[in-house]
file run_2.pdb (PDB, C-alpha atoms and all ligand atoms)
ATOM      1  CA  MET A   1       0.000   0.000   0.000  1.00  0.00           C
ATOM      2  CA  VAL A   2       1.239   3.436  -0.897  1.00  0.00           C
ATOM      3  CA  VAL A   3       1.250   5.740   2.102  1.00  0.00           C
ATOM      4  CA  ALA A   4      -0.481   8.910   1.025  1.00  0.00           C
ATOM      5  CA  MET A   5       1.159  11.702   2.903  1.00  0.00           C
ATOM      6  CA  LYS A   6       1.011  14.867   0.917  1.00  0.00           C
ATOM      7  CA  VAL A   7       3.913  17.237   1.507  1.00  0.00           C
ATOM      8  CA  ILE A   8       3.114  20.945   1.226  1.00  0.00           C
ATOM      9  CA  THR A   9       6.097  23.271   1.348  1.00  0.00           C
ATOM     10  CA  SER A  10       6.260  27.023   1.010  1.00  0.00           C
ATOM     11  CA  PRO A  11       7.965  29.960   2.697  1.00  0.00           C
ATOM     12  CA  ARG A  12       6.408  31.524   5.811  1.00  0.00           C
ATOM     13  CA  GLN A  13       3.096  33.227   4.990  1.00  0.00           C
ATOM     14  CA  GLY A  14       3.200  31.328   1.699  1.00  0.00           C
ATOM     15  CA  GLY A  15      -0.310  29.973   1.816  1.00  0.00           C
ATOM     16  CA  LYS A  16       0.337  26.618   3.512  1.00  0.00           C
ATOM     17  CA  THR A  17      -2.390  27.254   6.077  1.00  0.00           C
ATOM     18  CA  THR A  18      -4.910  28.085   3.378  1.00  0.00           C
ATOM     19  CA  LYS A  19      -4.050  24.849   1.569  1.00  0.00           C
ATOM     20  CA  LEU A  20      -4.437  22.801   4.761  1.00  0.00           C
ATOM     21  CA  ILE A  21      -7.811  24.397   5.494  1.00  0.00           C
ATOM     22  CA  GLU A  22      -8.995  23.715   1.932  1.00  0.00           C
ATOM     23  CA  MET A  23      -7.818  20.114   2.142  1.00  0.00           C
ATOM     24  CA  ALA A  24      -9.566  19.588   5.495  1.00  0.00           C
ATOM     25  CA  THR A  25     -12.783  21.023   4.073  1.00  0.00           C
ATOM     26  CA  GLU A  26     -12.703  18.755   1.002  1.00  0.00           C
ATOM     27  CA  MET A  27     -11.982  15.672   3.054  1.00  0.00           C
ATOM     28  CA  GLU A  28     -14.713  16.491   5.588  1.00  0.00           C
ATOM     29  CA  ALA A  29     -17.178  16.893   2.703  1.00  0.00           C
ATOM     30  CA  ASN A  30     -16.341  13.298   1.786  1.00  0.00           C
ATOM     31  CA  GLY A  31     -16.954  11.861   5.223  1.00  0.00           C
ATOM     32  CA  ALA A  32     -13.515  12.099   6.833  1.00  0.00           C
ATOM     33  CA  VAL A  33     -13.043  13.519  10.335  1.00  0.00           C
ATOM     34  CA  VAL A  34     -10.016  15.781   9.993  1.00  0.00           C
ATOM     35  CA  TYR A  35      -8.037  17.754  12.541  1.00  0.00           C
ATOM     36  CA  ILE A  36      -5.310  20.229  11.719  1.00  0.00           C
ATOM     37  CA  VAL A  37      -2.430  19.935  14.213  1.00  0.00           C
ATOM     38  CA  THR A  38      -0.412  23.045  15.092  1.00  0.00           C
ATOM     39  CA  PRO A  39       2.574  23.635  17.400  1.00  0.00           C
ATOM     40  CA  THR A  40       0.782  25.735  20.028  1.00  0.00           C
ATOM     41  CA  ARG A  41      -2.699  26.853  21.154  1.00  0.00           C
ATOM     42  CA  LYS A  42      -1.901  30.280  19.761  1.00  0.00           C
ATOM     43  CA  ASP A  43      -1.190  28.754  16.335  1.00  0.00           C
ATOM     44  CA  ALA A  44      -4.382  26.680  16.605  1.00  0.00           C
ATOM     45  CA  SER A  45      -6.393  29.812  17.268  1.00  0.00           C
ATOM     46  CA  HIS A  46      -4.678  31.573  14.354  1.00  0.00           C
ATOM     47  CA  VAL A  47      -5.598  28.745  11.945  1.00  0.00           C
ATOM     48  CA  TYR A  48      -9.194  28.692  13.230  1.00  0.00           C
ATOM     49  CA  LYS A  49      -9.568  32.441  12.666  1.00  0.00           C
ATOM     50  CA  HIS A  50      -7.932  32.154   9.244  1.00  0.00           C
ATOM     51  CA  ALA A  51     -10.622  29.582   8.303  1.00  0.00           C
ATOM     52  CA  GLU A  52     -13.331  31.890   9.660  1.00  0.00           C
ATOM     53  CA  ARG A  53     -12.131  34.656   7.354  1.00  0.00           C
ATOM     54  CA  MET A  54     -12.395  32.129   4.476  1.00  0.00           C
ATOM     55  CA  GLY A  55     -16.004  31.500   5.531  1.00  0.00           C
ATOM     56  CA  ILE A  56     -15.183  27.994   6.738  1.00  0.00           C
ATOM     57  CA  ASN A  57     -16.360  26.587  10.059  1.00  0.00           C
ATOM     58  CA  LEU A  58     -13.304  24.444  10.844  1.00  0.00           C
ATOM     59  CA  ARG A  59     -12.979  21.947  13.684  1.00  0.00           C
ATOM     60  CA  GLN A  60     -10.912  23.657  16.393  1.00  0.00           C
ATOM     61  CA  PRO A  61      -7.307  22.668  15.526  1.00  0.00           C
ATOM     62  CA  ILE A  62      -5.367  20.650  18.095  1.00  0.00           C
ATOM     63  CA  THR A  63      -1.725  20.919  19.182  1.00  0.00           C
ATOM     64  CA  PHE A  64       1.379  18.740  19.222  1.00  0.00           C
ATOM     65  CA  ASP A  65       0.759  18.122  22.934  1.00  0.00           C
ATOM     66  CA  ASP A  66      -2.753  16.834  22.180  1.00  0.00           C
ATOM     67  CA  LEU A  67      -1.208  14.228  19.844  1.00  0.00           C
ATOM     68  CA  ARG A  68       0.804  12.804  22.728  1.00  0.00           C
ATOM     69  CA  THR A  69      -2.236  12.471  24.978  1.00  0.00           C
ATOM     70  CA  GLY A  70      -4.150  10.514  22.338  1.00  0.00           C
ATOM     71  CA  LEU A  71      -7.063  11.044  19.970  1.00  0.00           C
ATOM     72  CA  GLY A  72     -10.617   9.739  19.741  1.00  0.00           C
ATOM     73  CA  LYS A  73     -11.182   6.738  17.492  1.00  0.00           C
ATOM     74  CA  TRP A  74     -13.561   8.788  15.346  1.00  0.00           C
ATOM     75  CA  VAL A  75     -10.685  10.877  13.999  1.00  0.00           C
ATOM     76  CA  THR A  76      -9.781   9.584  10.518  1.00  0.00           C
ATOM     77  CA  HIS A  77      -7.050  11.998   9.354  1.00  0.00           C
ATOM     78  CA  LEU A  78      -4.603  14.574  10.669  1.00  0.00           C
ATOM     79  CA  LEU A  79      -3.050  17.466   8.774  1.00  0.00           C
ATOM     80  CA  ILE A  80       0.180  18.512  10.479  1.00  0.00           C
ATOM     81  CA  ASP A  81       1.162  22.163  10.166  1.00  0.00           C
ATOM     82  CA  ASP A  82       4.864  23.018  10.523  1.00  0.00           C
ATOM     83  CA  LEU A  83       6.214  19.458  10.638  1.00  0.00           C
ATOM     84  CA  ASP A  84       9.745  20.807  11.125  1.00  0.00           C
ATOM     85  CA  ARG A  85       8.694  22.337  14.439  1.00  0.00           C
ATOM     86  CA  TYR A  86       6.913  19.123  15.452  1.00  0.00           C
ATOM     87  CA  ILE A  87       9.978  16.964  14.869  1.00  0.00           C
ATOM     88  CA  GLN A  88      12.172  19.429  16.742  1.00  0.00           C
ATOM     89  CA  SER A  89       9.750  19.444  19.684  1.00  0.00           C
ATOM     90  CA  LEU A  90      10.516  15.748  20.295  1.00  0.00           C
ATOM     91  CA  THR A  91      14.092  16.395  21.384  1.00  0.00           C
ATOM     92  CA  SER A  92      16.334  19.161  22.689  1.00  0.00           C
ATOM     93  CA  VAL A  93      19.090  18.074  20.294  1.00  0.00           C
ATOM     94  CA  ARG A  94      19.162  20.214  17.192  1.00  0.00           C
ATOM     95  CA  ILE A  95      17.737  18.268  14.218  1.00  0.00           C
ATOM     96  CA  ALA A  96      19.856  19.209  11.223  1.00  0.00           C
ATOM     97  CA  ALA A  97      18.040  17.313   8.471  1.00  0.00           C
ATOM     98  CA  VAL A  98      15.051  15.119   7.742  1.00  0.00           C
ATOM     99  CA  THR A  99      13.934  13.164   4.710  1.00  0.00           C
ATOM    100  CA  LEU A 100      10.370  12.814   3.449  1.00  0.00           C
ATOM    101  CA  ASN A 101       8.795  10.375   1.036  1.00  0.00           C
ATOM    102  CA  GLU A 102       6.590  12.027  -1.525  1.00  0.00           C
ATOM    103  CA  ASP A 103       4.032   9.928  -3.369  1.00  0.00           C
ATOM    104  CA  GLU A 104       5.512   8.689  -6.614  1.00  0.00           C
ATOM    105  CA  ASP A 105       2.151   8.481  -8.311  1.00  0.00           C
ATOM    106  CA  PRO A 106      -0.519  10.610  -6.629  1.00  0.00           C
ATOM    107  CA  ALA A 107      -3.239   8.768  -8.575  1.00  0.00           C
ATOM    108  CA  LEU A 108      -2.313   5.539  -6.783  1.00  0.00           C
ATOM    109  CA  ALA A 109      -2.070   7.049  -3.332  1.00  0.00           C
ATOM    110  CA  THR A 110      -4.973   6.008  -1.165  1.00  0.00           C
ATOM    111  CA  SER A 111      -6.945   8.587   0.788  1.00  0.00           C
ATOM    112  CA  GLY A 112      -7.796   6.064   3.497  1.00  0.00           C
ATOM    113  CA  LEU A 113     -11.466   6.342   2.548  1.00  0.00           C
ATOM    114  CA  THR A 114     -13.578   3.646   0.896  1.00  0.00           C
ATOM    115  CA  ARG A 115     -16.407   4.173  -1.580  1.00  0.00           C
ATOM    116  CA  ALA A 116     -19.347   1.876  -2.216  1.00  0.00           C
ATOM    117  CA  CYS A 117     -21.407   1.642  -5.396  1.00  0.00           C
ATOM    118  CA  ASN A 118     -25.080   2.420  -4.872  1.00  0.00           C
ATOM    119  CA  GLY A 119     -25.960  -0.008  -7.666  1.00  0.00           C
ATOM    120  CA  CYS A 120     -24.226  -3.241  -6.682  1.00  0.00           C
ATOM    121  CA  ASP A 121     -22.406  -2.389  -3.414  1.00  0.00           C
ATOM    122  CA  HIS A 122     -18.968  -2.956  -4.980  1.00  0.00           C
ATOM    123  CA  ARG A 123     -16.377  -1.387  -2.652  1.00  0.00           C
ATOM    124  CA  GLU A 124     -12.964   0.053  -3.358  1.00  0.00           C
ATOM    125  CA  PRO A 125     -10.446   2.453  -1.818  1.00  0.00           C
ATOM    126  CA  VAL A 126     -10.681   6.081  -2.923  1.00  0.00           C
ATOM    127  CA  PRO A 127      -7.434   7.392  -4.457  1.00  0.00           C
ATOM    128  CA  LEU A 128      -6.302  10.679  -2.933  1.00  0.00           C
ATOM    129  CA  SER A 129      -6.686  12.286  -6.373  1.00  0.00           C
ATOM    130  CA  GLU A 130     -10.400  11.384  -6.411  1.00  0.00           C
ATOM    131  CA  VAL A 131     -11.385  12.520  -2.915  1.00  0.00           C
ATOM    132  CA  HIS A 132     -12.987  15.658  -4.305  1.00  0.00           C
ATOM    133  CA  SER A 133     -14.777  14.058  -7.254  1.00  0.00           C
ATOM    134  CA  THR A 134     -14.582  11.100  -9.575  1.00  0.00           C
ATOM    135  CA  THR A 135     -15.785  10.262 -13.054  1.00  0.00           C
ATOM    136  CA  LYS A 136     -15.117   6.555 -12.606  1.00  0.00           C
ATOM    137  CA  HIS A 137     -17.803   4.029 -13.441  1.00  0.00           C
ATOM    138  CA  CYS A 138     -18.322   1.008 -11.192  1.00  0.00           C
ATOM    139  CA  PRO A 139     -16.411  -2.051 -12.471  1.00  0.00           C
ATOM    140  CA  GLY A 140     -19.252  -4.216 -11.122  1.00  0.00           C
ATOM    141  CA  CYS A 141     -22.356  -2.718 -12.719  1.00  0.00           C
ATOM    142  CA  GLY A 142     -21.142   0.199 -14.839  1.00  0.00           C
ATOM    143  CA  ILE A 143     -23.062   3.018 -13.193  1.00  0.00           C
ATOM    144  CA  MET A 144     -21.434   6.081 -11.602  1.00  0.00           C
ATOM    145  CA  ASP A 145     -23.162   6.555  -8.261  1.00  0.00           C
ATOM    146  CA  TRP A 146     -20.850   6.294  -5.268  1.00  0.00           C
ATOM    147  CA  ARG A 147     -21.180   6.899  -1.573  1.00  0.00           C
ATOM    148  CA  ILE A 148     -18.173   7.390   0.690  1.00  0.00           C
ATOM    149  CA  LEU A 149     -17.767   5.025   3.629  1.00  0.00           C
ATOM    150  CA  ARG A 150     -15.736   5.964   6.651  1.00  0.00           C
ATOM    151  CA  GLN A 151     -13.394   3.027   6.695  1.00  0.00           C
ATOM    152  CA  ALA A 152     -12.950   2.919  10.452  1.00  0.00           C
ATOM    153  CA  GLN A 153     -16.654   2.643  11.199  1.00  0.00           C
ATOM    154  CA  GLU A 154     -18.386   1.013   8.271  1.00  0.00           C
ATOM    155  CA  ASP A 155     -15.762  -1.031   6.522  1.00  0.00           C
ATOM    156  CA  PRO A 156     -13.751  -3.170   8.957  1.00  0.00           C
ATOM    157  CA  ARG A 157     -11.684  -4.886   6.229  1.00  0.00           C
TER
HETATM  158 ZN    ZN B 201     -21.869  -1.128  -9.069  1.00  0.00          ZN
END
call {"tool": "encode", "arguments": {"input": "run_2.pdb", "output": "structure tokens", "more": "lines below"}}
Ligand SMILES: [Zn+2]
result
Amino acid sequence: MVVAMKVITSPRQGGKTTKLIEMATEMEANGAVVYIVTPTRKDASHVYKHAERMGINLRQPITFDDLRTGLGKWVTHLLIDDLDRYIQSLTSVRIAAVTLNEDEDPALATSGLTRACNGCDHREPVPLSEVHSTTKHCPGCGIMDWRILRQAQEDPR
């Protein structure tokens, strides 16, 4: 399985927060339960207000500390803001470099969501590239009428 972890890089004030908020909104519209994770409460509040100005009612972002205390089982995805600061917060030793794996083929990367055909109940994983919309016809019955299942709750496979 390809691990779908999208890497968004840009300079400070370069629109990363806007992209995260947009991604959270799209994923939520497709049945995911998404939390943005920020370094501090102050950052969390900043992201929340940023979403408000975009007209989006975002779930209150959580912090790096909240990750350590554990999350509810209903949470399906996390979007980590400022990963460099998160990694550095794990140790007092200066971290000089990290590596990241970017998806080789975004079309193959799974979103972690499953869709079910409303015609024949065929089920398949939703590629990350098709979270927002798909034009794919069901391989079982040929129609194009999908519903998104939340894998954790409705699809125990
Ligand atoms: Zn079908």
call {"tool": "resolve_selection", "arguments": {"input": "run_2.pdb", "expression": "the PyMOL selection byres (((chain A and resi 30) around 10) and not hetatm)", "output": "ChimeraX atom specification"}}
result
/A:24-29,31-33,113,115,131-133,147-150
call {"tool": "resolve_selection", "arguments": {"input": "run_2.pdb", "expression": "the PyMOL selection byres (((not hetatm)) within 7 of (chain B and resi 201))", "output": "JSON, numbers by chain"}}
result
{"A": [117, 118, 119, 120, 121, 122, 138, 139, 140, 141, 142, 143]}
call {"tool": "residues_around", "arguments": {"input": "run_2.pdb", "residues": "region 39-53 of chain A", "least_positions_apart": "6", "cutoff": "6 Å", "atoms": "only C-alpha atoms", "output": "PDB file with C-alpha atoms, in the coordinates of the input"}}
result
ATOM      1  CA  PRO A  61      -7.307  22.668  15.526  1.00  0.00           C
ATOM      2  CA  THR A  63      -1.725  20.919  19.182  1.00  0.00           C
ATOM      3  CA  PHE A  64       1.379  18.740  19.222  1.00  0.00           C
TER       4      PHE A  64
END
call {"tool": "axis_aligned_box", "arguments": {"input": "run_2.pdb", "around": "region 18-28 of chain A", "padding_each_side": "8 Å", "output": "AutoDock Vina command-line options"}}
result
--center_x -9.4 --center_y 21.9 --center_z 3.3 --size_x 26.7 --size_y 28.4 --size_z 20.6
call {"tool": "residues_around", "arguments": {"input": "run_2.pdb", "residues": "region 65-72 of chain A", "least_positions_apart": "4", "cutoff": "12 Å", "atoms": "all atoms listed in the file", "output": "PyMOL selection string"}}
result
chain A and resi 33-41+44+61+76-80+86+89-90+152
call {"tool": "closest_residue", "arguments": {"input": "run_2.pdb", "among": "A:Lys73, A:Pro125, A:Ala116, A:Glu130", "to": "Trp146 (chain A)", "atoms": "only C-alpha atoms"}}
result
A:Ala116
call {"tool": "atom_distance", "arguments": {"input": "run_2.pdb", "atom1": "CA of Glu22 (chain A)", "atom2": "CA of Asp81 (chain A)"}}
result
13.2 Å
call {"tool": "atom_distance", "arguments": {"input": "run_2.pdb", "atom1": "CA of Arg59 (chain A)", "atom2": "CA of Arg123 (chain A)"}}
result
28.7 Å
call {"tool": "atom_distance", "arguments": {"input": "run_2.pdb", "atom1": "CA of Lys19 (chain A)", "atom2": "CA of Ala97 (chain A)"}}
result
24.3 Å
call {"tool": "closest_residue", "arguments": {"input": "run_2.pdb", "among": "A:Gln60, A:Gln88, A:Met144, A:Ser111", "to": "Met23 (chain A)", "atoms": "all atoms listed in the file"}}
result
A:Ser111
call {"tool": "build_atoms", "arguments": {"input": "run_2.pdb", "residues": "region 59-79 of chain A", "atoms": "N, CA and C atoms", "output": "mmCIF file, keeping the file's coordinate frame"}}
result
data_model
loop_
_atom_site.group_PDB
_atom_site.id
_atom_site.type_symbol
_atom_site.label_atom_id
_atom_site.label_comp_id
_atom_site.auth_asym_id
_atom_site.auth_seq_id
_atom_site.Cartn_x
_atom_site.Cartn_y
_atom_site.Cartn_z
ATOM 1 N N ARG A 59 -13.127 22.511 12.341
ATOM 2 C CA ARG A 59 -12.979 21.947 13.684
ATOM 3 C C ARG A 59 -11.831 22.688 14.369
ATOM 4 N N GLN A 60 -11.972 22.962 15.660
ATOM 5 C CA GLN A 60 -10.912 23.657 16.393
ATOM 6 C C GLN A 60 -9.616 22.856 16.271
ATOM 7 N N PRO A 61 -8.560 23.425 15.669
ATOM 8 C CA PRO A 61 -7.307 22.668 15.526
ATOM 9 C C PRO A 61 -6.740 22.245 16.881
ATOM 10 N N ILE A 62 -5.993 21.151 16.877
ATOM 11 C CA ILE A 62 -5.367 20.650 18.095
ATOM 12 C C ILE A 62 -3.856 20.918 18.039
ATOM 13 N N THR A 63 -3.149 20.590 19.108
ATOM 14 C CA THR A 63 -1.725 20.919 19.182
ATOM 15 C C THR A 63 -0.863 19.654 19.258
ATOM 16 N N PHE A 64 0.437 19.853 19.117
ATOM 17 C CA PHE A 64 1.379 18.740 19.222
ATOM 18 C C PHE A 64 1.197 17.997 20.551
ATOM 19 N N ASP A 65 0.960 18.753 21.623
ATOM 20 C CA ASP A 65 0.759 18.122 22.934
ATOM 21 C C ASP A 65 -0.468 17.217 22.931
ATOM 22 N N ASP A 66 -1.536 17.651 22.248
ATOM 23 C CA ASP A 66 -2.753 16.834 22.180
ATOM 24 C C ASP A 66 -2.474 15.494 21.508
ATOM 25 N N LEU A 67 -1.554 15.482 20.532
ATOM 26 C CA LEU A 67 -1.208 14.228 19.844
ATOM 27 C C LEU A 67 -0.650 13.225 20.837
ATOM 28 N N ARG A 68 0.161 13.709 21.775
ATOM 29 C CA ARG A 68 0.804 12.804 22.728
ATOM 30 C C ARG A 68 -0.189 12.234 23.719
ATOM 31 N N THR A 69 -1.273 12.976 24.006
ATOM 32 C CA THR A 69 -2.236 12.471 24.978
ATOM 33 C C THR A 69 -3.271 11.563 24.327
ATOM 34 N N GLY A 70 -3.257 11.478 22.998
ATOM 35 C CA GLY A 70 -4.150 10.514 22.338
ATOM 36 C C GLY A 70 -5.382 11.158 21.735
ATOM 37 N N LEU A 71 -5.931 10.506 20.712
ATOM 38 C CA LEU A 71 -7.063 11.044 19.970
ATOM 39 C C LEU A 71 -8.230 10.067 20.002
ATOM 40 N N GLY A 72 -9.434 10.595 19.828
ATOM 41 C CA GLY A 72 -10.617 9.739 19.741
ATOM 42 C C GLY A 72 -10.573 8.860 18.513
ATOM 43 N N LYS A 73 -11.209 7.702 18.599
ATOM 44 C CA LYS A 73 -11.182 6.738 17.492
ATOM 45 C C LYS A 73 -11.944 7.235 16.276
ATOM 46 N N TRP A 74 -12.769 8.262 16.462
ATOM 47 C CA TRP A 74 -13.561 8.788 15.346
ATOM 48 C C TRP A 74 -12.727 9.663 14.419
ATOM 49 N N VAL A 75 -11.536 10.047 14.852
ATOM 50 C CA VAL A 75 -10.685 10.877 13.999
ATOM 51 C C VAL A 75 -10.090 10.015 12.893
ATOM 52 N N THR A 76 -10.284 10.410 11.623
ATOM 53 C CA THR A 76 -9.781 9.584 10.518
ATOM 54 C C THR A 76 -8.474 10.111 9.923
ATOM 55 N N HIS A 77 -8.252 11.431 9.976
ATOM 56 C CA HIS A 77 -7.050 11.998 9.354
ATOM 57 C C HIS A 77 -6.541 13.210 10.141
ATOM 58 N N LEU A 78 -5.226 13.386 10.080
ATOM 59 C CA LEU A 78 -4.603 14.574 10.669
ATOM 60 C C LEU A 78 -3.844 15.317 9.584
ATOM 61 N N LEU A 79 -3.850 16.627 9.657
ATOM 62 C CA LEU A 79 -3.050 17.466 8.774
ATOM 63 C C LEU A 79 -2.087 18.236 9.666
#
